[in-house]
>>> print(open('target-v9.txt').read())   # compact mmCIF, C-alpha atoms
# COMPACT_ATOMS: atom_id res chain seq x y z
CA MET L 1 170.66 58.42 2.31
CA LYS L 2 173.88 57.53 4.13
CA VAL L 3 175.58 54.18 3.62
CA ASN L 4 178.62 52.19 4.62
CA LEU L 5 180.27 50.66 1.57
CA VAL L 6 182.13 47.34 1.51
CA LEU L 7 184.39 46.69 -1.50
CA SER L 8 185.75 43.23 -2.33
CA GLY L 9 189.04 42.30 -3.89
CA GLY L 10 189.20 41.26 -7.53
CA ALA L 11 192.42 42.62 -9.08
CA ALA L 12 191.60 44.44 -12.35
CA ARG L 13 187.92 43.73 -11.82
CA GLY L 14 188.12 46.21 -8.94
CA VAL L 15 187.76 48.97 -11.53
CA ALA L 16 184.04 48.15 -11.43
CA HIS L 17 184.01 49.60 -7.90
CA ILE L 18 184.73 53.01 -9.38
CA GLY L 19 181.62 52.77 -11.55
CA VAL L 20 179.68 51.83 -8.40
CA LEU L 21 180.88 55.01 -6.70
CA LYS L 22 179.86 57.13 -9.69
CA ALA L 23 176.36 55.65 -9.72
CA LEU L 24 175.90 56.15 -5.97
CA GLU L 25 176.93 59.78 -6.32
CA GLU L 26 174.41 60.34 -9.11
CA LEU L 27 171.67 58.75 -6.99
CA GLY L 28 172.44 61.15 -4.15
CA VAL L 29 173.79 58.45 -1.85
CA SER L 30 176.26 59.73 0.75
CA ILE L 31 179.05 57.34 1.69
CA LYS L 32 179.81 57.67 5.39
CA ALA L 33 182.58 55.06 5.59
CA LEU L 34 184.26 52.41 3.44
CA SER L 35 185.77 49.01 4.11
CA GLY L 36 187.90 47.37 1.47
CA VAL L 37 190.32 44.59 0.71
CA SER L 38 193.00 44.43 -1.99
CA ALA L 39 191.67 46.26 -5.10
CA GLY L 40 188.66 47.37 -3.05
CA ALA L 41 190.98 48.90 -0.47
CA ILE L 42 192.80 50.87 -3.18
CA VAL L 43 189.53 52.29 -4.51
CA ALA L 44 188.33 53.09 -0.98
CA VAL L 45 191.54 54.93 -0.09
CA PHE L 46 191.68 56.99 -3.28
CA TYR L 47 188.02 57.96 -2.89
CA ALA L 48 188.55 58.93 0.74
CA GLU L 49 191.62 60.94 -0.28
CA GLY L 50 189.30 63.06 -2.41
CA TYR L 51 189.64 61.65 -5.92
CA SER L 52 186.46 61.57 -7.99
CA PRO L 53 185.47 58.39 -9.86
CA GLU L 54 186.48 60.11 -13.10
CA ASP L 55 189.89 60.98 -11.62
CA MET L 56 190.48 57.39 -10.57
CA LEU L 57 189.49 55.94 -13.94
CA ASP L 58 191.82 58.39 -15.68
CA ILE L 59 194.74 57.39 -13.43
CA ILE L 60 194.13 53.71 -14.14
CA LYS L 61 194.03 54.23 -17.90
CA LYS L 62 197.26 56.25 -17.91
CA THR L 63 199.28 53.92 -15.66
CA ARG L 64 201.63 51.23 -16.99
CA TRP L 65 200.83 48.78 -14.22
CA ILE L 66 203.41 46.14 -15.12
CA SER L 67 206.17 48.72 -14.61
CA LEU L 68 205.22 49.06 -10.92
CA PHE L 69 205.96 45.46 -10.05
CA GLN L 70 209.65 44.71 -9.84
CA PRO L 71 210.58 41.05 -10.47
CA LYS L 72 212.74 39.52 -7.77
CA ILE L 73 214.48 36.23 -7.04
CA PRO L 74 211.60 34.09 -5.71
CA ARG L 75 211.79 33.61 -1.97
CA SER L 76 208.59 35.03 -0.55
CA GLY L 77 207.06 36.34 -3.79
CA LEU L 78 207.69 36.85 -7.51
CA PHE L 79 207.41 40.64 -7.35
CA SER L 80 208.45 43.43 -5.00
CA PHE L 81 206.21 46.36 -4.05
CA SER L 82 209.07 48.91 -3.87
CA LYS L 83 208.13 50.74 -7.09
CA ALA L 84 204.42 50.55 -6.29
CA ALA L 85 205.04 52.24 -2.93
CA SER L 86 206.83 55.16 -4.61
CA TYR L 87 204.02 55.43 -7.14
CA LEU L 88 201.31 55.62 -4.47
CA GLU L 89 203.21 58.35 -2.64
CA LYS L 90 202.78 60.60 -5.68
CA PHE L 91 198.98 60.44 -5.41
CA LEU L 92 198.27 60.08 -1.70
CA SER L 93 198.98 63.18 0.38
CA CYS L 94 197.80 61.47 3.57
CA LYS L 95 200.47 59.44 5.30
CA ARG L 96 198.18 57.77 7.81
CA LEU L 97 194.87 56.02 7.35
CA GLU L 98 193.06 58.16 9.91
CA GLU L 99 194.01 61.36 8.02
CA LEU L 100 191.76 60.52 5.05
CA LYS L 101 188.64 62.62 4.47
CA LYS L 102 186.36 59.65 5.05
CA GLU L 103 186.54 56.74 7.48
CA VAL L 104 188.24 53.76 5.84
CA HIS L 105 188.90 50.24 7.09
CA ILE L 106 191.56 48.16 5.33
CA CYS L 107 191.41 44.38 5.63
CA ALA L 108 194.65 42.38 5.50
CA THR L 109 195.68 38.90 6.62
CA ASP L 110 198.47 38.41 9.11
CA ILE L 111 200.15 35.23 7.91
CA LEU L 112 201.90 34.80 11.27
CA SER L 113 198.78 34.65 13.45
CA ALA L 114 196.45 33.45 10.66
CA LYS L 115 193.99 36.25 11.47
CA SER L 116 192.06 38.85 9.51
CA LEU L 117 192.97 42.35 10.63
CA TYR L 118 190.91 45.49 10.12
CA PHE L 119 192.90 48.71 10.21
CA SER L 120 191.25 52.12 10.63
CA GLU L 121 194.48 53.87 11.58
CA GLY L 122 198.17 53.42 10.89
CA ASP L 123 200.70 54.00 8.12
CA LEU L 124 198.65 54.19 4.95
CA ILE L 125 200.83 52.81 2.17
CA PRO L 126 202.23 49.73 3.99
CA LEU L 127 198.72 48.76 5.06
CA LEU L 128 197.35 49.28 1.56
CA LEU L 129 200.10 47.22 -0.06
CA GLY L 130 199.76 44.52 2.58
CA SER L 131 196.07 44.21 1.76
CA CYS L 132 197.01 43.65 -1.90
CA ALA L 133 199.88 41.17 -1.45
CA LEU L 134 198.56 38.08 -3.25
CA PRO L 135 200.43 35.08 -1.82
CA GLY L 136 203.15 33.73 -4.09
CA ILE L 137 202.94 36.71 -6.44
CA PHE L 138 203.86 39.63 -4.18
CA GLU L 139 206.16 39.49 -1.21
CA PRO L 140 204.42 39.92 2.18
CA VAL L 141 204.56 43.37 3.78
CA GLU L 142 206.15 43.67 7.21
CA TYR L 143 204.21 46.08 9.43
CA LYS L 144 204.90 46.32 13.15
CA ASN L 145 204.61 42.74 14.47
CA TYR L 146 202.61 41.57 11.47
CA MET L 147 203.49 39.95 8.16
CA LEU L 148 200.66 41.08 5.90
CA ILE L 149 199.28 39.34 2.84
CA ASP L 150 196.12 39.86 0.80
CA GLY L 151 193.11 40.20 3.09
CA GLY L 152 191.01 38.17 0.68
CA VAL L 153 192.75 35.01 1.84
CA MET L 154 190.39 34.96 4.82
CA ASN L 155 187.86 37.70 4.05
CA ASN L 156 187.16 39.04 0.57
CA LEU L 157 184.10 41.08 1.61
CA PRO L 158 185.11 42.79 4.89
CA VAL L 159 181.76 43.88 6.30
CA GLU L 160 182.84 43.21 9.92
CA PRO L 161 183.83 46.83 10.73
CA PHE L 162 180.17 47.78 10.17
CA GLU L 163 178.59 44.78 11.86
CA LYS L 164 177.10 46.84 14.71
CA SER L 165 176.29 49.94 12.65
CA ARG L 166 172.66 50.84 11.97
CA ILE L 167 173.60 52.58 8.75
CA LEU L 168 172.71 50.75 5.52
CA ARG L 169 175.49 48.33 4.52
CA ILE L 170 176.14 47.95 0.79
CA GLY L 171 178.48 45.14 -0.27
CA VAL L 172 180.05 45.05 -3.73
CA ASP L 173 181.41 41.71 -4.95
CA VAL L 174 183.60 41.87 -8.08
CA ASN L 175 184.96 38.33 -7.96
CA PRO L 176 182.51 36.08 -9.85
CA LEU L 177 183.30 32.49 -10.79
CA GLU L 178 183.77 31.69 -14.45
CA LYS L 179 184.83 28.85 -16.71
CA ILE L 180 187.99 29.36 -18.77
CA GLU L 181 189.46 27.50 -21.75
CA THR L 182 193.17 27.86 -20.94
CA VAL L 183 195.12 28.52 -17.74
CA GLY L 184 197.86 30.82 -19.08
CA ASN L 185 201.21 31.50 -17.40
CA ILE L 186 202.24 31.01 -13.79
CA VAL L 187 200.90 34.41 -12.69
CA SER L 188 197.51 33.69 -14.28
CA ILE L 189 197.40 30.30 -12.57
CA LEU L 190 198.26 31.74 -9.17
CA VAL L 191 195.73 34.58 -9.49
CA ARG L 192 192.93 32.26 -10.63
CA SER L 193 193.70 29.72 -7.89
CA PHE L 194 193.59 32.47 -5.30
CA PHE L 195 190.25 33.87 -6.38
CA LEU L 196 188.69 30.43 -6.63
CA ALA L 197 189.76 29.79 -3.05
CA VAL L 198 188.32 33.02 -1.63
CA ARG L 199 184.78 32.43 -2.91
CA SER L 200 183.84 30.41 0.17
CA ASN L 201 184.53 33.29 2.54
CA THR L 202 182.56 35.82 0.48
CA ASP L 203 179.11 34.29 0.12
CA LYS L 204 178.39 34.04 3.85
CA ARG L 205 179.31 37.70 4.34
CA LYS L 206 176.81 38.83 1.75
CA GLU L 207 174.15 37.86 4.27
CA MET L 208 175.54 40.53 6.60
CA CYS L 209 174.94 43.25 3.99
CA ASP L 210 171.61 45.03 3.51
CA VAL L 211 172.23 45.44 -0.23
CA VAL L 212 174.60 43.43 -2.42
CA ILE L 213 175.80 44.63 -5.82
CA THR L 214 177.41 42.01 -8.07
CA PRO L 215 178.41 43.53 -11.43
CA ASP L 216 178.17 41.14 -14.37
CA ILE L 217 181.91 40.94 -15.06
CA VAL L 218 182.32 37.17 -15.31
CA ARG L 219 183.70 37.54 -18.84
CA TYR L 220 186.58 39.74 -17.66
CA SER L 221 189.83 38.29 -16.36
CA PRO L 222 191.21 39.56 -13.03
CA LEU L 223 194.23 40.67 -15.10
CA ASP L 224 192.16 42.50 -17.76
CA ILE L 225 193.17 46.04 -16.78
CA LYS L 226 193.13 47.20 -20.43
CA LYS L 227 189.33 46.95 -20.32
CA ALA L 228 189.05 49.46 -17.48
CA GLU L 229 186.45 51.58 -19.29
CA GLU L 230 184.17 48.57 -19.78
CA LEU L 231 184.56 47.40 -16.18
CA TYR L 232 183.74 50.90 -14.94
CA ARG L 233 180.61 51.00 -17.07
CA VAL L 234 179.38 47.57 -15.94
CA GLY L 235 179.78 48.58 -12.29
CA TYR L 236 177.88 51.80 -12.92
CA VAL L 237 174.97 50.17 -14.77
CA GLU L 238 174.50 47.38 -12.21
CA THR L 239 174.50 49.84 -9.30
CA ILE L 240 171.86 52.05 -10.89
CA LYS L 241 169.66 49.00 -11.44
CA VAL L 242 170.10 47.51 -7.95
CA MET L 243 169.75 50.78 -6.06
CA GLU L 244 166.75 52.03 -7.99
CA ASN L 245 165.03 48.73 -7.26
CA TYR L 246 165.99 48.97 -3.57
CA LEU L 247 164.66 52.54 -3.34
CA LYS L 248 161.34 51.52 -4.96
CA ILE L 249 160.86 48.66 -2.52
CA SER L 250 161.79 50.90 0.43
CA GLU L 251 159.26 53.50 -0.68
CA LYS L 252 156.47 50.91 -0.86
CA ARG L 253 157.25 49.72 2.67
CA LYS L 254 156.84 53.17 4.16
CA PRO L 255 153.62 53.58 6.13
CA SER L 256 151.05 55.68 4.28
>>> encode(input="target-v9.txt", output="structure tokens")
Amino acid sequence: MKVNLVLSGGAARGVAHIGVLKALEELGVSIKALSGVSAGAIVAVFYAEGYSPEDMLDIIKKTRWISLFQPKIPRSGLFSFSKAASYLEKFLSCKRLEELKKEVHICATDILSAKSLYFSEGDLIPLLLGSCALPGIFEPVEYKNYMLIDGGVMNNLPVEPFEKSRILRIGVDVNPLEKIETVGNIVSILVRSFFLAVRSNTDKRKEMCDVVITPDIVRYSPLDIKKAEELYRVGYVETIKVMENYLKISEKRKPS
């Protein structure tokens, strides 16, 4: 079975996407193309570069993520992506999006035109960082005539690149709503506010997917990167359950 895979944003919760990939591999599902935004775009790019799910999980567990984000005098964002760009260059041999081993679409928002953009070619790292630039936290990324911020602002489940495709569309949403007891520091407040705001643009796009996988990660914070192993496992378990059920139903519908 061939599928097109759509991966939502969700910060640290995006680790669940890696478990989804592992489960799909074990089920014999072949991923033809991927579309991703923010954390989902990172997972899509690393997978299309050739990293296995195990490789990606290992990289996440060994990385000191806070060291990649350089604080700056607030003007357009609290943190700079300069160190993150150098870090990505160590792992990604491809310089352009179209050089990856699989077709990948990266969703970012152009704050100048107020439009969602879907890139399938272009300079890989600027586009990837632009897709991840949460407003107020990271500075926007200048790319050609665009000023890119997190694609989730307008589209946190970018299924549009596959809208006309006849291949099965699987959407993975790792941004559930949850109730919290305290709001935390300014970064926590900004991140939570952002993900609350993007819910409205996600639900309607689920209807455009043939299968939707929503891992049960409501108890994990979008900043909970230390629980990567658990997030990976939850994504894996939910995918096995959803896809096995889908395959059973599909088998029953086949003419005898």
>>> residues_around(input="target-v9.txt", residues="Phe162 (chain L)", least_positions_apart="4", cutoff="9 Å", atoms="all atoms listed in the file", output="list in words")
Asn4, Val6, Ala33, Ser35, Pro158, Arg166, Ile167 and Arg169 of chain L
>>> atom_distance(input="target-v9.txt", atom1="CA of Val211 (chain L)", atom2="CA of Lys102 (chain L)")
20.7 Å
>>> residues_near_point(input="target-v9.txt", point="(193.2, 51.8, 13.7)", cutoff="12 Å", atoms="only C-alpha atoms", output="count of residues only")
19
>>> atom_distance(input="target-v9.txt", atom1="CA of Val212 (chain L)", atom2="CA of Leu27 (chain L)")
16.3 Å
>>> atom_distance(input="target-v9.txt", atom1="CA of Val20 (chain L)", atom2="CA of Tyr232 (chain L)")
7.8 Å
>>> closest_residue(input="target-v9.txt", among="L:Ser131, L:Asn155, L:Ser30, L:Ser38", to="His17 (chain L)", atoms="only C-alpha atoms")
L:Ser38
>>> residues_around(input="target-v9.txt", residues="Asp203 (chain L)", least_positions_apart="3", cutoff="10 Å", atoms="all atoms listed in the file", output="list of chain:residue names")
L:Asn156, L:Leu157, L:Asp173, L:Val198, L:Arg199, L:Ser200, L:Lys206, L:Glu207, L:Met208
>>> residues_around(input="target-v9.txt", residues="Leu5 (chain L)", least_positions_apart="5", cutoff="9 Å", atoms="all atoms listed in the file", output="PyMOL selection string")
chain L and resi 31-36+44+159+168-172
